[in-house]
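Novice: Just final.cif, nothing more (mmCIF, C-alpha atoms and all ligand atoms):
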```cif
data_coords
loop_
_atom_site.label_atom_id
_atom_site.label_comp_id
_atom_site.auth_asym_id
_atom_site.auth_seq_id
_atom_site.Cartn_x
_atom_site.Cartn_y
_atom_site.Cartn_z
CA MET A 1 -4.32 25.77 -0.29
CA ASN A 2 -0.67 26.58 -0.90
CA LEU A 3 2.29 24.42 0.13
CA LYS A 4 3.04 26.64 3.12
CA ASP A 5 -0.48 25.87 4.45
CA ILE A 6 0.10 22.11 4.61
CA PHE A 7 -0.18 21.08 8.20
CA CYS A 8 2.70 19.33 9.98
CA GLN A 9 4.17 17.52 7.00
CA ASP A 10 7.33 19.62 6.72
CA ARG A 11 9.64 16.64 6.31
CA ALA A 12 7.76 15.30 3.29
CA ILE A 13 7.35 18.72 1.67
CA ASN A 14 10.96 19.72 2.30
CA SER A 15 12.33 16.57 0.72
CA MET A 16 10.33 17.35 -2.43
CA GLN A 17 11.48 20.98 -2.33
CA ARG A 18 15.15 19.93 -2.15
CA ALA A 19 14.76 17.67 -5.17
CA TYR A 20 12.87 20.35 -7.10
CA THR A 21 15.51 22.99 -6.31
CA ALA A 22 18.23 20.60 -7.47
CA GLY A 23 16.39 20.20 -10.78
CA ARG A 24 15.28 16.68 -9.93
CA GLN A 25 11.53 17.23 -10.29
CA GLY A 26 10.17 13.68 -10.32
CA HIS A 27 7.59 12.44 -12.79
CA ALA A 28 6.26 9.64 -10.61
CA TYR A 29 5.80 9.75 -6.87
CA ILE A 30 4.29 7.53 -4.21
CA PHE A 31 2.96 9.44 -1.20
CA ALA A 32 2.78 6.85 1.58
CA GLY A 33 1.15 7.31 4.98
CA ALA A 34 -2.00 6.60 6.99
CA ASP A 35 -5.43 7.63 5.70
CA GLY A 36 -6.42 11.17 6.58
CA ILE A 37 -2.88 12.34 7.22
CA GLY A 38 -2.86 15.01 4.51
CA LYS A 39 -1.49 13.21 1.43
CA PHE A 40 -4.18 14.48 -0.93
CA SER A 41 -3.89 18.05 0.39
CA ALA A 42 -0.11 17.92 -0.11
CA ALA A 43 -0.47 16.43 -3.61
CA SER A 44 -2.99 19.15 -4.55
CA ALA A 45 -0.77 21.92 -3.19
CA TRP A 46 2.25 20.46 -5.01
CA ALA A 47 0.22 20.33 -8.22
CA LYS A 48 -0.95 23.91 -7.74
CA MET A 49 2.69 25.01 -7.36
CA LEU A 50 3.79 23.14 -10.50
CA LEU A 51 0.90 24.59 -12.51
CA CYS A 52 1.30 28.15 -11.17
CA GLN A 53 2.41 30.72 -13.75
CA GLU A 54 4.10 33.04 -11.20
CA LYS A 55 5.72 30.70 -8.67
CA THR A 56 7.09 32.32 -5.53
CA VAL A 57 10.53 31.48 -4.17
CA SER A 58 11.50 32.16 -0.57
CA GLU A 59 14.29 31.12 1.76
CA GLY A 60 12.93 28.75 4.43
CA PRO A 61 14.73 27.18 7.42
CA GLU A 62 15.37 24.07 5.32
CA GLY A 63 16.43 25.89 2.15
CA VAL A 64 14.70 27.31 -0.91
CA PHE A 65 10.91 26.99 -0.80
CA HIS A 66 8.86 27.12 -4.01
CA ASP A 67 5.15 27.80 -3.74
CA SER A 68 2.14 28.84 -5.80
CA CYS A 69 1.37 32.56 -5.97
CA GLY A 70 -2.37 32.20 -5.33
CA LYS A 71 -3.09 35.07 -7.77
CA CYS A 72 -2.27 34.04 -11.34
CA GLN A 73 -4.89 32.71 -13.73
CA SER A 74 -3.81 29.11 -13.11
CA CYS A 75 -4.05 29.49 -9.31
CA MET A 76 -7.48 31.13 -9.59
CA VAL A 77 -8.80 28.33 -11.80
CA PHE A 78 -7.19 25.75 -9.49
CA ASP A 79 -8.90 27.24 -6.43
CA GLY A 80 -12.19 27.25 -8.34
CA GLY A 81 -11.88 23.46 -8.60
CA GLY A 82 -11.79 22.98 -12.36
CA HIS A 83 -8.16 23.18 -13.47
CA PRO A 84 -7.85 21.29 -16.76
CA ASP A 85 -4.30 20.10 -15.97
CA PHE A 86 -5.03 18.75 -12.49
CA LYS A 87 -6.54 15.29 -12.66
CA PRO A 88 -7.51 13.44 -9.51
CA ILE A 89 -8.24 9.76 -10.20
CA TYR A 90 -10.58 7.92 -7.84
CA LYS A 91 -12.77 4.86 -7.97
CA GLU A 92 -16.08 6.74 -8.21
CA LEU A 93 -15.02 7.62 -11.79
CA ILE A 94 -16.15 4.10 -12.71
CA GLN A 95 -19.53 5.69 -13.49
CA PHE A 96 -17.90 7.66 -16.30
CA THR A 97 -15.95 4.84 -17.96
CA LYS A 98 -17.19 3.36 -21.24
CA ASP A 99 -18.80 0.32 -19.64
CA GLY A 100 -19.32 1.67 -16.15
CA LYS A 101 -22.66 3.48 -16.31
CA ASN A 102 -24.80 2.55 -13.28
CA LYS A 103 -22.05 0.31 -11.93
CA LYS A 104 -21.69 0.30 -8.15
CA THR A 105 -18.45 1.70 -6.77
CA PRO A 106 -16.23 -1.30 -6.00
CA VAL A 107 -13.81 -1.70 -3.09
CA ASP A 108 -10.79 -1.79 -5.40
CA LEU A 109 -9.71 0.94 -7.75
CA PRO A 110 -10.93 -0.44 -11.11
CA LYS A 111 -8.50 -1.01 -13.97
CA ASP A 112 -10.92 0.69 -16.39
CA VAL A 113 -10.61 3.93 -14.40
CA ILE A 114 -6.79 3.82 -14.55
CA THR A 115 -6.83 2.93 -18.25
CA GLU A 116 -9.38 5.49 -19.40
CA PHE A 117 -8.53 8.40 -17.10
CA LEU A 118 -4.76 8.04 -16.88
CA ILE A 119 -3.02 5.67 -19.31
CA GLU A 120 -5.05 6.79 -22.35
CA LYS A 121 -4.80 10.47 -21.35
CA VAL A 122 -1.13 10.98 -20.48
CA HIS A 123 -0.19 11.93 -24.02
CA SER A 124 -2.66 14.84 -24.11
CA LYS A 125 -0.63 18.00 -23.64
CA PRO A 126 -1.43 20.37 -20.75
CA LYS A 127 -3.94 23.06 -21.66
CA MET A 128 -3.02 25.92 -19.39
CA SER A 129 0.27 25.14 -17.66
CA ASP A 130 3.64 23.45 -18.12
CA TYR A 131 2.51 20.21 -16.49
CA SER A 132 -0.37 17.75 -16.29
CA VAL A 133 -0.63 16.36 -12.77
CA TYR A 134 -2.46 13.09 -12.07
CA VAL A 135 -3.18 12.19 -8.44
CA VAL A 136 -4.33 8.61 -7.94
CA LYS A 137 -6.23 8.21 -4.68
CA GLU A 138 -6.15 4.87 -2.82
CA SER A 139 -3.42 3.40 -5.02
CA HIS A 140 -3.09 0.58 -2.49
CA ARG A 141 -6.40 -0.58 -3.94
CA LEU A 142 -4.91 -1.15 -7.39
CA ASN A 143 -4.55 -4.86 -7.96
CA ALA A 144 -1.42 -6.38 -9.51
CA HIS A 145 -3.03 -6.36 -12.95
CA SER A 146 -3.74 -2.63 -12.79
CA GLN A 147 -0.33 -1.80 -11.34
CA ASN A 148 1.30 -3.75 -14.17
CA ALA A 149 -0.76 -1.79 -16.70
CA LEU A 150 0.60 1.41 -15.17
CA LEU A 151 4.26 0.41 -15.30
CA LYS A 152 5.01 1.65 -18.79
CA VAL A 153 3.54 5.07 -18.06
CA LEU A 154 5.45 5.29 -14.77
CA GLU A 155 8.66 4.34 -16.53
CA GLU A 156 8.49 6.77 -19.41
CA PRO A 157 5.92 9.46 -18.77
CA PRO A 158 5.89 12.42 -21.14
CA ALA A 159 8.12 15.25 -19.83
CA TYR A 160 5.12 17.40 -18.87
CA CYS A 161 3.44 14.64 -16.92
CA VAL A 162 3.57 14.14 -13.13
CA ILE A 163 1.85 11.15 -11.53
CA ILE A 164 1.36 10.98 -7.76
CA LEU A 165 0.11 7.69 -6.30
CA LEU A 166 -1.37 7.99 -2.81
CA CYS A 167 -1.28 4.89 -0.64
CA ASN A 168 -1.81 4.05 3.02
CA SER A 169 0.83 1.32 3.03
CA ILE A 170 3.89 1.15 0.84
CA GLU A 171 3.95 -2.64 1.28
CA LYS A 172 0.75 -2.88 -0.78
CA MET A 173 2.53 -1.47 -3.83
CA LEU A 174 4.39 -3.92 -6.08
CA PRO A 175 8.22 -3.65 -5.96
CA THR A 176 8.13 -2.87 -9.70
CA THR A 177 5.80 0.09 -9.05
CA ARG A 178 7.88 1.32 -6.10
CA SER A 179 11.13 1.18 -8.02
CA ARG A 180 9.76 3.55 -10.67
CA CYS A 181 8.59 6.21 -8.21
CA GLN A 182 10.12 8.57 -5.67
CA VAL A 183 8.64 7.47 -2.37
CA ILE A 184 7.67 10.31 -0.03
CA ARG A 185 6.64 9.20 3.45
CA PHE A 186 4.05 11.12 5.40
CA GLY A 187 4.46 10.84 9.16
CA GLU A 188 2.06 10.84 12.07
CA ILE A 189 1.05 14.18 13.54
CA ALA A 190 1.71 14.70 17.28
CA GLU A 191 -1.32 13.97 19.45
CA ASN A 192 -1.32 17.38 21.13
CA ILE A 193 -1.35 19.16 17.78
CA ILE A 194 -4.42 17.17 16.68
CA VAL A 195 -6.14 17.89 20.01
CA GLU A 196 -5.36 21.59 19.64
CA LYS A 197 -6.73 21.63 16.09
CA LEU A 198 -9.97 19.91 17.16
CA VAL A 199 -10.41 22.25 20.12
CA GLN A 200 -10.09 25.16 17.69
CA MET A 201 -13.06 23.57 15.87
CA SER A 202 -15.01 23.81 19.18
CA VAL A 203 -14.62 20.12 20.06
CA ASP A 204 -14.56 19.50 23.83
CA PRO A 205 -10.90 18.83 24.92
CA GLN A 206 -11.66 15.38 26.38
CA GLN A 207 -13.51 14.35 23.23
CA ALA A 208 -10.66 15.78 21.15
CA ARG A 209 -8.17 13.54 23.03
CA TYR A 210 -10.39 10.52 22.35
CA TRP A 211 -10.71 11.22 18.61
CA ALA A 212 -6.95 11.84 18.26
CA ARG A 213 -6.26 8.41 19.74
CA PHE A 214 -9.19 6.69 18.01
CA SER A 215 -7.85 7.90 14.65
CA GLU A 216 -4.32 6.67 15.43
CA LEU A 217 -3.03 10.20 14.99
CA SER A 218 -4.58 10.81 11.60
CA LEU A 219 -5.77 14.40 11.60
CA GLY A 220 -8.22 13.97 8.70
CA THR A 221 -9.90 10.94 10.30
CA ALA A 222 -10.06 12.66 13.69
CA MET A 223 -11.64 15.76 12.13
CA ASP A 224 -14.10 13.64 10.16
CA TRP A 225 -15.39 11.76 13.19
CA ALA A 226 -15.26 14.60 15.70
CA SER A 227 -17.36 16.85 13.51
CA VAL A 228 -20.10 14.41 12.53
CA GLU A 229 -23.45 15.49 13.89
CA VAL A 230 -25.58 12.50 14.87
CA GLY A 231 -28.54 12.55 17.24
CA GLU A 232 -28.82 14.40 20.52
CA ASN A 233 -25.59 13.27 22.18
CA GLY A 234 -23.54 13.14 19.02
CA ILE A 235 -21.22 10.42 17.90
CA PHE A 236 -19.20 10.71 21.09
CA GLY A 237 -22.40 9.84 22.98
CA ILE A 238 -22.79 6.72 20.80
CA LYS A 239 -19.23 5.63 21.59
CA ARG A 240 -19.84 6.16 25.35
CA GLU A 241 -22.98 4.02 25.14
CA ILE A 242 -21.08 1.22 23.38
CA VAL A 243 -18.27 1.19 25.96
CA SER A 244 -20.77 1.31 28.86
CA ALA A 245 -22.79 -1.52 27.33
CA LEU A 246 -19.64 -3.63 26.86
CA SER A 247 -18.60 -3.18 30.50
CA VAL A 248 -21.75 -4.95 31.73
CA TYR A 249 -22.27 -7.07 28.65
CA HIS A 250 -23.81 -10.58 28.69
CA LEU A 251 -24.52 -13.07 25.95
CA GLY A 252 -28.25 -12.28 26.17
CA ASP A 253 -27.53 -8.65 25.21
CA SER A 254 -25.81 -9.53 21.91
CA LEU A 255 -28.69 -9.19 19.49
CA GLU A 256 -30.06 -6.02 21.05
CA LEU A 257 -26.62 -4.36 21.10
CA ALA A 258 -25.98 -5.49 17.51
CA GLU A 259 -29.29 -3.89 16.56
CA ARG A 260 -28.28 -0.63 18.24
CA MET A 261 -24.88 -0.63 16.55
CA SER A 262 -26.48 -1.29 13.21
CA ALA A 263 -28.90 1.63 13.66
CA ALA A 264 -26.02 3.88 14.79
CA SER A 265 -23.99 2.83 11.75
CA LYS A 266 -26.80 3.89 9.42
CA LYS A 267 -27.14 7.29 11.11
CA ILE A 268 -23.40 7.94 11.00
CA SER A 269 -23.22 6.93 7.36
CA GLU A 270 -26.10 9.29 6.52
CA ALA A 271 -24.34 12.12 8.34
CA PHE A 272 -21.10 11.42 6.42
CA SER A 273 -23.07 11.29 3.20
CA ALA A 274 -24.78 14.64 3.84
CA ARG A 275 -21.32 16.19 4.12
CA ASN A 276 -19.53 14.30 1.32
CA LYS A 277 -22.08 14.00 -1.46
CA SER A 278 -19.49 13.02 -4.06
CA LEU A 279 -18.30 9.95 -2.13
CA SER A 280 -19.74 6.52 -2.72
CA LYS A 281 -22.52 5.58 -0.27
CA THR A 282 -21.16 2.05 -0.06
CA ASP A 283 -17.80 3.41 1.06
CA LEU A 284 -19.39 5.67 3.66
CA ASN A 285 -21.48 2.77 5.02
CA ARG A 286 -18.28 0.79 5.35
CA ARG A 287 -16.46 3.69 6.99
CA ALA A 288 -19.23 4.02 9.59
CA ALA A 289 -19.38 0.27 10.32
CA LYS A 290 -15.61 -0.01 10.60
CA GLY A 291 -15.50 2.98 12.96
CA LEU A 292 -17.98 1.29 15.30
CA ILE A 293 -16.04 -1.97 15.23
CA ARG A 294 -12.89 0.01 16.01
CA MET A 295 -14.65 1.50 19.04
CA VAL A 296 -15.12 -2.06 20.31
CA VAL A 297 -11.49 -2.87 19.49
CA SER A 298 -10.41 0.22 21.44
CA ALA A 299 -12.16 -1.11 24.57
CA PHE A 300 -10.11 -4.32 24.30
CA SER A 301 -6.84 -2.54 23.58
CA ASP A 302 -7.56 -0.30 26.59
CA ALA A 303 -8.14 -3.42 28.72
CA ILE A 304 -4.62 -4.55 27.75
CA ARG A 305 -3.23 -1.08 28.56
CA LEU A 306 -4.81 -1.19 32.01
CA SER A 307 -3.41 -4.66 32.63
CA VAL A 308 0.12 -3.33 32.11
CA GLY A 309 -0.54 -0.14 34.10
CA ASP A 310 -0.46 2.16 31.07
CA ASP A 311 -3.46 4.23 32.20
CA ALA A 312 -2.17 7.44 30.60
CA ALA A 313 -2.46 5.96 27.10
CA LEU A 314 -6.12 4.87 27.32
CA ILE A 315 -8.08 5.68 24.16
CA ASN A 316 -11.28 5.80 26.24
CA CYS A 317 -9.67 8.14 28.72
CA ASP A 318 -13.13 9.52 29.63
CA GLN A 319 -14.44 6.07 30.69
CA ARG A 320 -11.68 4.64 32.85
CA SER A 321 -14.03 2.98 35.36
CA GLU A 322 -16.07 1.22 32.63
CA ILE A 323 -12.85 0.03 31.02
CA ALA A 324 -11.60 -1.24 34.40
CA THR A 325 -14.83 -3.28 34.83
CA PHE A 326 -14.50 -4.57 31.29
CA ALA A 327 -10.79 -5.41 31.75
CA GLY A 328 -11.65 -7.48 34.83
CA ARG A 329 -13.45 -9.95 32.57
CA PHE A 330 -10.54 -10.79 30.25
CA SER A 331 -6.92 -11.79 30.57
CA ALA A 332 -4.50 -9.78 28.40
CA ASP A 333 -4.20 -12.80 26.08
CA GLY A 334 -7.98 -13.15 25.95
CA ALA A 335 -8.33 -9.48 25.00
CA ALA A 336 -5.64 -9.83 22.31
CA ASP A 337 -7.53 -12.81 20.89
CA LYS A 338 -10.75 -10.74 20.76
CA ILE A 339 -8.90 -8.00 18.88
CA THR A 340 -7.68 -10.53 16.29
CA LYS A 341 -11.26 -11.76 15.79
CA ALA A 342 -12.60 -8.20 15.54
CA TYR A 343 -10.07 -7.50 12.78
CA GLU A 344 -11.56 -10.44 10.87
CA ASN A 345 -14.95 -8.73 11.22
CA LEU A 346 -13.39 -5.53 9.87
CA ARG A 347 -12.30 -7.41 6.75
CA TRP A 348 -15.83 -8.74 6.29
CA VAL A 349 -17.06 -5.17 5.96
CA ASP A 350 -15.05 -4.86 2.73
CA CYS A 351 -16.51 -8.15 1.49
CA SER A 352 -20.06 -6.75 1.57
CA VAL A 353 -21.25 -9.07 4.34
CA ASN A 354 -24.50 -7.78 5.86
CA GLU A 355 -23.61 -5.22 8.54
CA LYS A 356 -26.01 -6.43 11.19
CA LEU A 357 -24.64 -9.96 10.83
CA ILE A 358 -21.13 -8.63 11.32
CA PHE A 359 -22.09 -6.80 14.52
CA GLU A 360 -23.92 -9.91 15.78
CA GLU A 361 -20.91 -12.10 15.06
CA LEU A 362 -18.58 -9.61 16.74
CA LEU A 363 -20.69 -9.45 19.90
CA LEU A 364 -21.47 -13.17 20.10
CA ASN A 365 -17.78 -13.80 19.85
CA ILE A 366 -17.04 -11.45 22.71
CA ALA A 367 -19.66 -13.15 24.88
CA GLY A 368 -18.59 -16.65 23.87
CA CYS A 369 -15.10 -16.37 25.29
CA SER A 370 -15.97 -14.17 28.22
CA THR A 371 -14.68 -15.50 31.55
CA ILE A 372 -17.97 -14.85 33.30
ZN ZN B 401 -0.05 31.20 -9.39
#
```
Just give me the structure of the file as structure tokens.
Ligand SMILES: [Zn+2]

Specialist:
Amino acid sequence: MNLKDIFCQDRAINSMQRAYTAGRQGHAYIFAGADGIGKFSAASAWAKMLLCQEKTVSEGPEGVFHDSCGKCQSCMVFDGGGHPDFKPIYKELIQFTKDGKNKKTPVDLPKDVITEFLIEKVHSKPKMSDYSVYVVKESHRLNAHSQNALLKVLEEPPAYCVIILLCNSIEKMLPTTRSRCQVIRFGEIAENIIVEKLVQMSVDPQQARYWARFSELSLGTAMDWASVEVGENGIFGIKREIVSALSVYHLGDSLELAERMSAASKKISEAFSARNKSLSKTDLNRRAAKGLIRMVVSAFSDAIRLSVGDDAALINCDQRSEIATFAGRFSADGAADKITKAYENLRWVDCSVNEKLIFEELLLNIAGCSTI
């Protein structure tokens, strides 16, 4: 992928282009924006351009636009996936650290990974190009200790070194880290553009609208969920079942519904895993469980939308009547309280609490404060 192929992130790319044209190529960046919004694609395309041996220069609407040629030896090796000067850093590398063999992938990005794959490597000169580009995924998962270890490298990286930290929230980065990096913000993509993109992938338009809203306008997340193949009715069928069950839900249904959600979570995680073999299974289990909890949250947030007459913004736009039945059981304050509690359940997922217990707790809680 070249820079011109990056989808709907013109503002971020153009700000980097302006700095590059002015000779202010940064050595440390933070790319900040929601998960699945295209930060890693942009970082890869930027790296490919820096490493390219025959860069192209064209005049774009916002000024000079530098891009990779797509044809030189560096670009060919880059597209083949093994460029020696492009170094993505991610937590699954724990397996390849000195003491990490057979270690489970943790929630946080381990300090050993940063030390052994970045800090100890930055002084190795590039092998094929003018730069070595390090892209640290999920930098918001670096704890203070790890961020402090990185400071010296961020402050005085070798001239050929470029470090790009990807994070989903700039607030999670220490001020000392932020002050040493150029911060590039990645914005939301318009809902209609995401819907259009999903429809091009043969997703039904109504389902596409749901996934765009479910993903909070993150194209990558929307594509991930919309394209998962699970069971006969697909993942959209699972979400419809959950919303229908919630609309007529009673305390006595809790354990059975928790059981169904738990089984669905396993299937979704397996489907993710079949498609992303390199990703940690623990992470994919968590992604599936969190997605299902967010489906429940979306029913509550829709109940609030209906209570203020904002029908057009419903996430579950395909199940308005079920949402109306559901909304009749809670006041807006009651629904907001349920959302707060469900967010606590979301945090439990990262703390390795048993999934079925989390679903049970979530559903018992809903029933406990129900007005019926
Ligand atoms: Zn090239």

Novice: Taking all atoms listed in the file into account, which of A:Lys55, A:Arg24, A:Arg209, A:Arg141 comes nearest ligand ZN 401 (chain B)?

Specialist: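 Of A:Lys55, A:Arg24, A:Arg209, A:Arg141, the one nearest ligand ZN 401 (chain B), counting all atoms listed in the file, is A:Lys55.
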
Novice: Output the neighbourhood of ligand ZN 401 (chain B) as a list in words, that is, all protein and nucleic acid residues with some atom at most 6 Å from the ligand, counting only C-alpha atoms and all ligand atoms.

Specialist: Cys52, Gln53, Glu54, Lys55, Ser68, Cys69, Gly70, Lys71, Cys72, Ser74 and Cys75 of chain A

Novice: Generate the output file for the selected residues, C-alpha atoms, as a tab-separated table (two decimals), in the frame of the given file.

Specialist:
```tsv
chain	number	residue	atom	x	y	z
A	52	CYS	CA	1.30	28.15	-11.17
A	53	GLN	CA	2.41	30.72	-13.75
A	54	GLU	CA	4.10	33.04	-11.20
A	55	LYS	CA	5.72	30.70	-8.67
A	68	SER	CA	2.14	28.84	-5.80
A	69	CYS	CA	1.37	32.56	-5.97
A	70	GLY	CA	-2.37	32.20	-5.33
A	71	LYS	CA	-3.09	35.07	-7.77
A	72	CYS	CA	-2.27	34.04	-11.34
A	74	SER	CA	-3.81	29.11	-13.11
A	75	CYS	CA	-4.05	29.49	-9.31
```

Novice: At a cut-off of 12 Å, can you tabulate as a Markdown table every residue of stretch 145-260 of chain A near stretch 314-321 of chain A together with its closest atom pair and the distance in Å to one decimal, using only C-alpha atoms and ordering rows by chain then number?

Specialist:
```
| residue | atom | partner | partner_atom | distance |
| --- | --- | --- | --- | --- |
| A:Glu191 | CA | A:Ile315 | CA | 11.7 |
| A:Asp204 | CA | A:Asp318 | CA | 11.6 |
| A:Pro205 | CA | A:Asp318 | CA | 10.7 |
| A:Gln206 | CA | A:Asp318 | CA | 6.9 |
| A:Gln207 | CA | A:Asp318 | CA | 8.0 |
| A:Ala208 | CA | A:Cys317 | CA | 10.8 |
| A:Arg209 | CA | A:Ile315 | CA | 7.9 |
| A:Tyr210 | CA | A:Ile315 | CA | 5.7 |
| A:Trp211 | CA | A:Ile315 | CA | 8.3 |
| A:Ala212 | CA | A:Ile315 | CA | 8.6 |
| A:Arg213 | CA | A:Ile315 | CA | 5.5 |
| A:Phe214 | CA | A:Ile315 | CA | 6.3 |
| A:Ser215 | CA | A:Ile315 | CA | 9.8 |
| A:Glu216 | CA | A:Ile315 | CA | 9.6 |
| A:Leu217 | CA | A:Ile315 | CA | 11.4 |
| A:Phe236 | CA | A:Asp318 | CA | 10.5 |
| A:Gly237 | CA | A:Asp318 | CA | 11.4 |
| A:Lys239 | CA | A:Asn316 | CA | 9.2 |
| A:Arg240 | CA | A:Gln319 | CA | 7.6 |
| A:Glu241 | CA | A:Gln319 | CA | 10.4 |
| A:Ile242 | CA | A:Gln319 | CA | 11.0 |
| A:Val243 | CA | A:Gln319 | CA | 7.8 |
| A:Ser244 | CA | A:Gln319 | CA | 8.1 |
| A:Ala245 | CA | A:Gln319 | CA | 11.8 |
| A:Leu246 | CA | A:Gln319 | CA | 11.7 |
| A:Ser247 | CA | A:Ser321 | CA | 9.1 |
| A:Val248 | CA | A:Ser321 | CA | 11.6 |
```

Novice: Could you jot down the atom CA of A:Glu344 to atom CA of A:Lys356 separation for me, Å, one decimal place?

Specialist: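 Taking atom CA of A:Glu344 and atom CA of A:Lys356, their separation equals 15.0 Å.
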
Novice: Residues within 9 Å of stretch 111-115 of chain A, please, as a list in words. Count all atoms listed in the file; anything in the same chain fewer than 3 positions from it doesn't count.

Specialist: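 Everything that qualifies: Ile89, Tyr90, Lys91, Glu92, Leu93, Ile94, Phe96, Thr97, Lys98, Asp99, Gly100, Asp108, Leu118, Ile119, Glu120, Lys121, Val136, Leu142, Asn143, His145, Ser146, Gln147, Ala149 and Leu150 of chain A.
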
Novice: Separation of atom CA of A:Val183 and atom CA of A:Ala32, in Å?

Specialist: 7.1 Å

Novice: What does the structure give for the distance between atom CA of A:Gly234 and atom CA of A:Lys197, in Å to one decimal?

Specialist: 19.1 Å

Novice: Taking N, CA and C atoms as the atom set, what does stretch 32-49 of chain A look like once completed, written as a PDB file, keeping the file's coordinate frame?

Specialist:
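Written file, rebuild-v4.pdb:
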```
ATOM      1  N   ALA A  32       3.201   7.945   0.708  1.00  0.00           N
ATOM      2  CA  ALA A  32       2.780   6.850   1.580  1.00  0.00           C
ATOM      3  C   ALA A  32       2.552   7.336   3.000  1.00  0.00           C
ATOM      4  N   GLY A  33       1.454   6.931   3.590  1.00  0.00           N
ATOM      5  CA  GLY A  33       1.150   7.310   4.980  1.00  0.00           C
ATOM      6  C   GLY A  33      -0.296   6.988   5.280  1.00  0.00           C
ATOM      7  N   ALA A  34      -0.643   6.998   6.564  1.00  0.00           N
ATOM      8  CA  ALA A  34      -2.000   6.600   6.990  1.00  0.00           C
ATOM      9  C   ALA A  34      -3.078   7.437   6.309  1.00  0.00           C
ATOM     10  N   ASP A  35      -4.290   6.884   6.254  1.00  0.00           N
ATOM     11  CA  ASP A  35      -5.430   7.630   5.700  1.00  0.00           C
ATOM     12  C   ASP A  35      -5.655   8.886   6.531  1.00  0.00           C
ATOM     13  N   GLY A  36      -6.044   9.955   5.854  1.00  0.00           N
ATOM     14  CA  GLY A  36      -6.420  11.170   6.580  1.00  0.00           C
ATOM     15  C   GLY A  36      -5.255  11.958   7.133  1.00  0.00           C
ATOM     16  N   ILE A  37      -4.050  11.685   6.636  1.00  0.00           N
ATOM     17  CA  ILE A  37      -2.880  12.340   7.220  1.00  0.00           C
ATOM     18  C   ILE A  37      -2.460  13.584   6.412  1.00  0.00           C
ATOM     19  N   GLY A  38      -3.133  13.800   5.289  1.00  0.00           N
ATOM     20  CA  GLY A  38      -2.860  15.010   4.510  1.00  0.00           C
ATOM     21  C   GLY A  38      -2.172  14.751   3.179  1.00  0.00           C
ATOM     22  N   LYS A  39      -2.196  13.515   2.696  1.00  0.00           N
ATOM     23  CA  LYS A  39      -1.490  13.210   1.430  1.00  0.00           C
ATOM     24  C   LYS A  39      -2.159  13.903   0.256  1.00  0.00           C
ATOM     25  N   PHE A  40      -3.502  13.874   0.221  1.00  0.00           N
ATOM     26  CA  PHE A  40      -4.180  14.480  -0.930  1.00  0.00           C
ATOM     27  C   PHE A  40      -4.021  16.008  -0.900  1.00  0.00           C
ATOM     28  N   SER A  41      -4.092  16.597   0.290  1.00  0.00           N
ATOM     29  CA  SER A  41      -3.890  18.050   0.390  1.00  0.00           C
ATOM     30  C   SER A  41      -2.496  18.414  -0.097  1.00  0.00           C
ATOM     31  N   ALA A  42      -1.497  17.627   0.303  1.00  0.00           N
ATOM     32  CA  ALA A  42      -0.110  17.920  -0.110  1.00  0.00           C
ATOM     33  C   ALA A  42       0.036  17.737  -1.618  1.00  0.00           C
ATOM     34  N   ALA A  43      -0.575  16.676  -2.162  1.00  0.00           N
ATOM     35  CA  ALA A  43      -0.470  16.430  -3.610  1.00  0.00           C
ATOM     36  C   ALA A  43      -1.146  17.569  -4.381  1.00  0.00           C
ATOM     37  N   SER A  44      -2.283  18.051  -3.883  1.00  0.00           N
ATOM     38  CA  SER A  44      -2.990  19.150  -4.550  1.00  0.00           C
ATOM     39  C   SER A  44      -2.145  20.420  -4.502  1.00  0.00           C
ATOM     40  N   ALA A  45      -1.566  20.695  -3.331  1.00  0.00           N
ATOM     41  CA  ALA A  45      -0.770  21.920  -3.190  1.00  0.00           C
ATOM     42  C   ALA A  45       0.495  21.846  -4.051  1.00  0.00           C
ATOM     43  N   TRP A  46       1.066  20.634  -4.148  1.00  0.00           N
ATOM     44  CA  TRP A  46       2.250  20.460  -5.010  1.00  0.00           C
ATOM     45  C   TRP A  46       1.861  20.710  -6.467  1.00  0.00           C
ATOM     46  N   ALA A  47       0.710  20.147  -6.850  1.00  0.00           N
ATOM     47  CA  ALA A  47       0.220  20.330  -8.220  1.00  0.00           C
ATOM     48  C   ALA A  47      -0.026  21.812  -8.495  1.00  0.00           C
ATOM     49  N   LYS A  48      -0.636  22.487  -7.545  1.00  0.00           N
ATOM     50  CA  LYS A  48      -0.950  23.910  -7.740  1.00  0.00           C
ATOM     51  C   LYS A  48       0.346  24.700  -7.956  1.00  0.00           C
ATOM     52  N   MET A  49       1.393  24.337  -7.199  1.00  0.00           N
ATOM     53  CA  MET A  49       2.690  25.010  -7.360  1.00  0.00           C
ATOM     54  C   MET A  49       3.258  24.734  -8.758  1.00  0.00           C
TER      55      MET A  49
END
```
